[in-house]
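> Just one file: upload-v7.cif, with mmCIF, C-alpha atoms.
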data_query
#
loop_
_atom_site.label_atom_id
_atom_site.label_comp_id
_atom_site.auth_asym_id
_atom_site.auth_seq_id
_atom_site.Cartn_x
_atom_site.Cartn_y
_atom_site.Cartn_z
CA GLN A 1 125.95 108.77 -21.48
CA GLY A 2 123.49 106.44 -19.89
CA GLY A 3 126.19 104.76 -17.82
CA SER A 4 127.86 103.24 -20.85
CA THR A 5 131.42 102.00 -20.39
CA ALA A 6 132.22 101.83 -24.11
CA LEU A 7 134.26 105.02 -23.76
CA TYR A 8 136.83 103.23 -21.64
CA GLN A 9 137.75 100.97 -24.54
CA SER A 10 139.33 103.95 -26.33
CA PHE A 11 141.67 104.80 -23.45
CA ASN A 12 145.38 104.02 -23.66
CA ILE A 13 147.23 104.26 -20.36
CA VAL A 14 150.97 103.87 -19.99
CA VAL A 15 152.41 103.68 -16.47
CA ARG A 16 156.17 103.95 -16.18
CA ARG A 17 158.02 103.29 -12.95
CA HIS A 18 161.63 103.78 -12.03
CA GLY A 19 163.67 100.64 -12.58
CA ARG A 20 164.61 100.33 -8.92
CA GLU A 21 160.97 100.65 -7.88
CA ASN A 22 159.52 98.26 -10.44
CA ASN A 23 159.34 95.19 -8.23
CA PHE A 24 156.13 93.71 -9.63
CA ARG A 25 157.91 90.80 -11.29
CA ALA A 26 159.85 89.97 -8.13
CA VAL A 27 156.71 90.13 -5.98
CA LEU A 28 154.77 87.95 -8.44
CA LYS A 29 157.62 85.41 -8.51
CA THR A 30 157.66 85.29 -4.70
CA ILE A 31 153.90 84.72 -4.50
CA ARG A 32 154.06 81.98 -7.12
CA GLY A 33 156.90 80.32 -5.25
CA LEU A 34 154.90 80.34 -2.03
CA MET A 35 151.91 78.73 -3.72
CA GLU A 36 153.86 75.98 -5.46
CA GLY A 37 153.56 72.54 -3.93
CA SER A 38 150.97 71.16 -1.58
CA GLY A 39 150.66 73.26 1.54
CA SER A 40 153.93 75.12 0.96
CA ILE A 41 152.47 78.51 1.86
CA SER A 42 151.06 77.16 5.11
CA ARG A 43 154.51 76.05 6.23
CA VAL A 44 156.05 79.53 6.08
CA ILE A 45 153.15 81.98 6.52
CA PRO A 46 150.49 81.86 9.26
CA SER A 47 146.94 81.34 8.06
CA TRP A 48 145.78 84.81 9.14
CA LEU A 49 148.41 86.51 6.96
CA GLN A 50 147.94 84.45 3.77
CA PRO A 51 144.87 86.24 2.30
CA ILE A 52 146.44 89.66 2.95
CA LEU A 53 149.72 88.70 1.31
CA LEU A 54 147.87 87.32 -1.70
CA GLY A 55 145.93 90.55 -2.06
CA TYR A 56 142.34 89.67 -1.23
CA GLY A 57 142.27 89.87 2.56
CA ASN A 58 141.22 92.75 4.79
CA PRO A 59 144.19 94.11 6.81
CA ASN A 60 141.83 95.12 9.63
CA GLY A 61 141.06 91.44 10.14
CA ALA A 62 144.69 90.74 11.04
CA THR A 63 145.10 93.22 13.91
CA TYR A 64 145.57 91.95 17.45
CA THR A 65 142.02 92.98 18.38
CA SER A 66 140.31 91.01 15.59
CA SER A 67 138.38 87.79 16.14
CA VAL A 68 140.59 86.07 13.53
CA ILE A 69 143.73 86.66 15.56
CA ARG A 70 142.02 85.71 18.82
CA SER A 71 140.83 82.45 17.27
CA TYR A 72 144.29 81.74 15.87
CA ALA A 73 145.89 82.34 19.28
CA MET A 74 143.43 80.02 21.02
CA LYS A 75 143.93 77.18 18.52
CA THR A 76 147.70 77.44 18.06
CA PRO A 77 149.98 75.92 20.71
CA GLY A 78 152.64 78.28 22.01
CA VAL A 79 150.81 81.44 20.93
CA THR A 80 149.50 83.61 23.73
CA ARG A 81 146.59 85.97 23.41
CA HIS A 82 147.47 89.61 24.04
CA ASP A 83 144.84 89.91 26.76
CA ASP A 84 146.27 86.95 28.68
CA ALA A 85 149.91 87.99 28.80
CA SER A 86 151.98 90.92 29.93
CA LEU A 87 153.70 92.96 27.25
CA ASP A 88 157.23 94.16 27.93
CA PHE A 89 157.19 97.83 26.94
CA GLY A 90 160.76 98.26 28.18
CA ASP A 91 161.71 101.94 28.30
CA THR A 92 158.80 103.08 26.12
CA PHE A 93 157.62 105.37 28.92
CA LEU A 94 159.95 108.06 30.23
CA ASP A 95 158.32 108.01 33.67
CA ALA A 96 155.18 106.90 35.48
CA GLU A 97 153.37 110.10 34.52
CA HIS A 98 154.10 109.39 30.86
CA LEU A 99 152.60 105.93 31.29
CA GLN A 100 149.52 107.41 32.92
CA ASN A 101 148.98 109.91 30.11
CA SER A 102 149.40 107.19 27.49
CA PHE A 103 146.22 105.36 28.56
CA PRO A 104 143.54 108.03 29.04
CA GLY A 105 140.40 106.86 30.78
CA CYS A 106 142.08 103.79 32.27
CA LYS A 107 142.72 102.90 35.88
CA ILE A 108 146.43 102.12 36.22
CA ILE A 109 147.76 99.89 38.98
CA MET A 110 151.48 100.36 39.55
CA GLU A 111 153.59 97.61 41.09
CA GLY A 112 157.26 97.69 41.97
CA ASN A 113 159.12 100.74 43.17
CA THR A 114 155.92 102.78 43.28
CA ASN A 115 154.60 101.01 46.41
CA ASN A 116 151.50 99.71 44.61
CA ASN A 117 150.07 103.13 43.90
CA ILE A 118 146.73 103.15 42.15
CA ILE A 119 146.48 105.87 39.52
CA ASP A 120 143.10 106.75 38.11
CA ASN A 121 143.34 109.04 35.10
CA GLU A 122 139.73 110.11 35.48
CA LYS A 123 140.41 111.49 38.98
CA ASN A 124 143.85 112.87 38.06
CA LEU A 125 145.60 111.41 41.10
CA ASN A 126 149.21 112.51 41.39
CA LEU A 127 152.27 110.27 41.41
CA LYS A 128 154.12 111.34 44.52
CA GLU A 129 155.66 107.92 45.14
CA ALA A 130 156.66 107.26 41.52
CA LYS A 131 160.23 107.79 40.46
CA ASN A 132 160.97 110.36 37.80
CA GLU A 133 163.93 108.60 36.22
CA CYS A 134 163.44 106.38 33.22
CA GLN A 135 162.16 102.94 34.20
CA ASN A 136 161.06 99.83 32.40
CA PHE A 137 157.51 98.54 32.47
CA LYS A 138 155.72 95.27 31.86
CA ILE A 139 152.02 95.83 31.34
CA GLU A 140 148.93 93.65 31.54
CA PHE A 141 145.66 94.86 30.08
CA LYS A 142 142.74 93.72 32.20
CA GLU A 143 138.99 94.01 31.79
CA ASN A 144 137.09 97.18 32.68
CA ALA A 145 139.90 99.44 31.35
CA ILE A 146 142.39 98.39 34.01
CA VAL A 147 146.09 98.57 33.17
CA LYS A 148 148.47 96.74 35.50
CA ALA A 149 152.05 97.99 35.21
CA SER A 150 155.06 96.30 36.82
CA VAL A 151 158.22 98.35 37.19
CA TYR A 152 161.68 96.84 36.81
CA ASP A 153 165.15 98.29 36.48
CA LEU A 154 167.92 97.21 34.14
CA PRO A 155 171.56 97.03 35.34
CA ALA A 156 173.08 100.49 35.41
CA ASN A 157 175.11 101.25 32.30
CA SER A 158 176.25 104.76 31.41
CA ASP A 159 176.51 103.81 27.72
CA ILE A 160 172.81 103.05 27.41
CA LYS A 161 170.78 106.11 26.48
CA GLY A 162 167.57 104.22 25.79
CA ASN A 163 164.41 105.85 24.56
CA PRO A 164 164.44 109.67 24.49
CA ILE A 165 160.97 110.07 22.92
CA ARG A 166 157.82 110.94 24.87
CA PHE A 167 155.43 108.93 22.71
CA THR A 168 151.84 110.06 22.27
CA PRO A 169 148.91 107.77 23.20
CA ILE A 170 148.40 106.91 19.51
CA GLN A 171 152.07 106.02 19.13
CA VAL A 172 151.90 103.90 22.28
CA GLU A 173 148.93 102.06 20.78
CA ALA A 174 151.04 101.34 17.68
CA ILE A 175 153.84 100.01 19.90
CA LYS A 176 151.34 97.85 21.77
CA SER A 177 150.11 96.46 18.45
CA GLY A 178 153.68 95.79 17.33
CA LEU A 179 154.34 93.76 20.48
CA SER A 180 151.14 91.75 20.03
CA LEU A 181 150.28 88.95 17.64
CA GLY A 182 149.02 90.05 14.23
CA LEU A 183 149.73 92.65 11.59
CA THR A 184 150.65 96.23 12.50
CA LEU A 185 150.38 99.05 9.97
CA VAL A 186 151.76 102.45 10.99
CA VAL A 187 150.72 105.12 8.48
CA GLY A 188 151.40 108.85 8.57
CA PRO A 189 153.03 111.76 6.75
CA PRO A 190 156.75 112.53 7.14
CA GLY A 191 157.81 113.77 10.55
CA THR A 192 155.10 112.02 12.56
CA GLY A 193 157.46 109.59 14.31
CA LYS A 194 156.92 106.38 12.34
CA SER A 195 160.63 105.52 12.45
CA ASP A 196 160.80 106.22 16.19
CA VAL A 197 157.85 103.88 16.78
CA ALA A 198 159.50 101.19 14.63
CA VAL A 199 162.79 101.53 16.55
CA GLN A 200 160.98 101.18 19.89
CA ILE A 201 159.13 98.07 18.70
CA ILE A 202 162.39 96.56 17.44
CA ALA A 203 164.18 97.27 20.74
CA ASN A 204 161.32 95.86 22.83
CA LEU A 205 161.14 92.69 20.72
CA TYR A 206 164.92 92.28 20.92
CA HIS A 207 164.90 92.41 24.72
CA SER A 208 161.79 90.25 25.01
CA PHE A 209 163.00 87.55 22.60
CA PRO A 210 166.83 87.79 22.46
CA SER A 211 167.21 84.40 20.79
CA GLN A 212 164.90 85.26 17.88
CA ARG A 213 165.66 87.31 14.79
CA THR A 214 163.96 90.39 13.42
CA VAL A 215 164.02 91.07 9.68
CA ILE A 216 163.91 94.76 8.67
CA ILE A 217 162.91 95.57 5.09
CA THR A 218 162.77 99.15 3.83
CA HIS A 219 162.03 100.88 0.53
CA SER A 220 165.52 102.33 0.30
CA ASN A 221 168.98 102.01 1.82
CA ALA A 222 168.64 105.50 3.27
CA ALA A 223 165.59 104.48 5.28
CA LEU A 224 167.37 101.36 6.52
CA ASN A 225 170.42 103.39 7.55
CA ASP A 226 168.16 105.82 9.43
CA LEU A 227 166.65 102.96 11.43
CA PHE A 228 170.03 101.44 12.25
CA GLN A 229 171.42 104.81 13.34
CA LYS A 230 168.51 105.33 15.73
CA ILE A 231 168.84 101.79 17.06
CA MET A 232 172.57 102.24 17.68
CA ALA A 233 171.96 105.63 19.32
CA ARG A 234 169.92 103.88 22.01
CA GLY A 235 173.04 102.01 23.13
CA ASP A 236 171.23 98.89 24.36
CA ILE A 237 171.70 96.71 21.25
CA GLU A 238 175.25 95.79 20.36
CA GLU A 239 176.36 96.40 16.80
CA ARG A 240 177.37 92.76 16.33
CA TYR A 241 173.73 91.74 16.66
CA MET A 242 172.60 93.89 13.74
#
If you took the structure in this file and wrote it as structure tokens, what would it be?

Amino acid sequence: QGGSTALYQSFNIVVRRHGRENNFRAVLKTIRGLMEGSGSISRVIPSWLQPILLGYGNPNGATYTSSVIRSYAMKTPGVTRHDDASLDFGDTFLDAEHLQNSFPGCKIIMEGNTNNNIIDNEKNLNLKEAKNECQNFKIEFKENAIVKASVYDLPANSDIKGNPIRFTPIQVEAIKSGLSLGLTLVVGPPGTGKSDVAVQIIANLYHSFPSQRTVIITHSNAALNDLFQKIMARGDIEERYM
């Protein structure tokens, strides 16, 4: 009564977690190890990720659209801002029509095998010159909602199945975020395609940066096996590189 908090002093709460899930001690040890020594955390973790990892930062401030990430990209040599570079979406889009539907309200300029067709979603122009087979796209995001897409083909290989998923616009936005600088959080209930989005991001990063490594961490071995099975089913990443 009266907003008193004295009642809380009589509460006894016991929280029990499964032994395999109780990773608090390991996480705390990792954080302490990062903070030991002068500037040790700055050598292994970018400045924009430090407050989030330590638990007091706002995850929204680490997305590719935030001013924090833009400032970091401008001040850090070798880091390109997402709005200044083309993103290699690879085989994310099943065809040119899929690409068009993935960016509603945008004017899309196609270059490559589409004879420089200009596709305006608002006017619903058709894609008579665009090929229907699966192609690969590099995309630049310009001002005034203009999307510039360059088409390129990979060497023919019957063993490569590639991406079979027709991603939704929201999923494409998650893939775009995963290819850009910053933190990407994909949240959703089971069956909403989170694993498929993760596999597409992994494949695109692999082809864009073949000399770099990607670390995959999951909550369970089953989840990790599911990701690897979907990656191998694509056929474009050799097993020896996993």
> Around the point (146.6, 97.8, 33.3), in the coordinates given by the file, pick out the residues reaching within 12 Å, counting all atoms listed in the file, and return them as a ChimeraX atom specification.
/A:83-87,99-100,102-111,118-121,137-150
> My list of candidates is A:Thr214, A:Ala198, A:Lys176, A:Gly182. Which is closest to Gln50 (chain A) when distances are computed with all atoms listed in the file?
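For Gln50 (chain A), the nearest of the given residues is A:Gly182.
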> Tell me, in Å to one decimal, how far CA of Lys75 (chain A) is from CA of Trp48 (chain A).
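About the pair CA of Lys75 (chain A) and CA of Trp48 (chain A): they are 12.2 Å apart.
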> In Å to one decimal, how far is CA of Arg213 (chain A) from CA of Ile237 (chain A)?
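Result for CA of Ile237 (chain A) versus CA of Arg213 (chain A): 12.9 Å, one decimal.
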> Can you tell me how far CA of Ile69 (chain A) sits from CA of Thr92 (chain A), in Å to one decimal?
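Straight-line distance from CA of Ile69 (chain A) to CA of Thr92 (chain A) works out to 24.7 Å.
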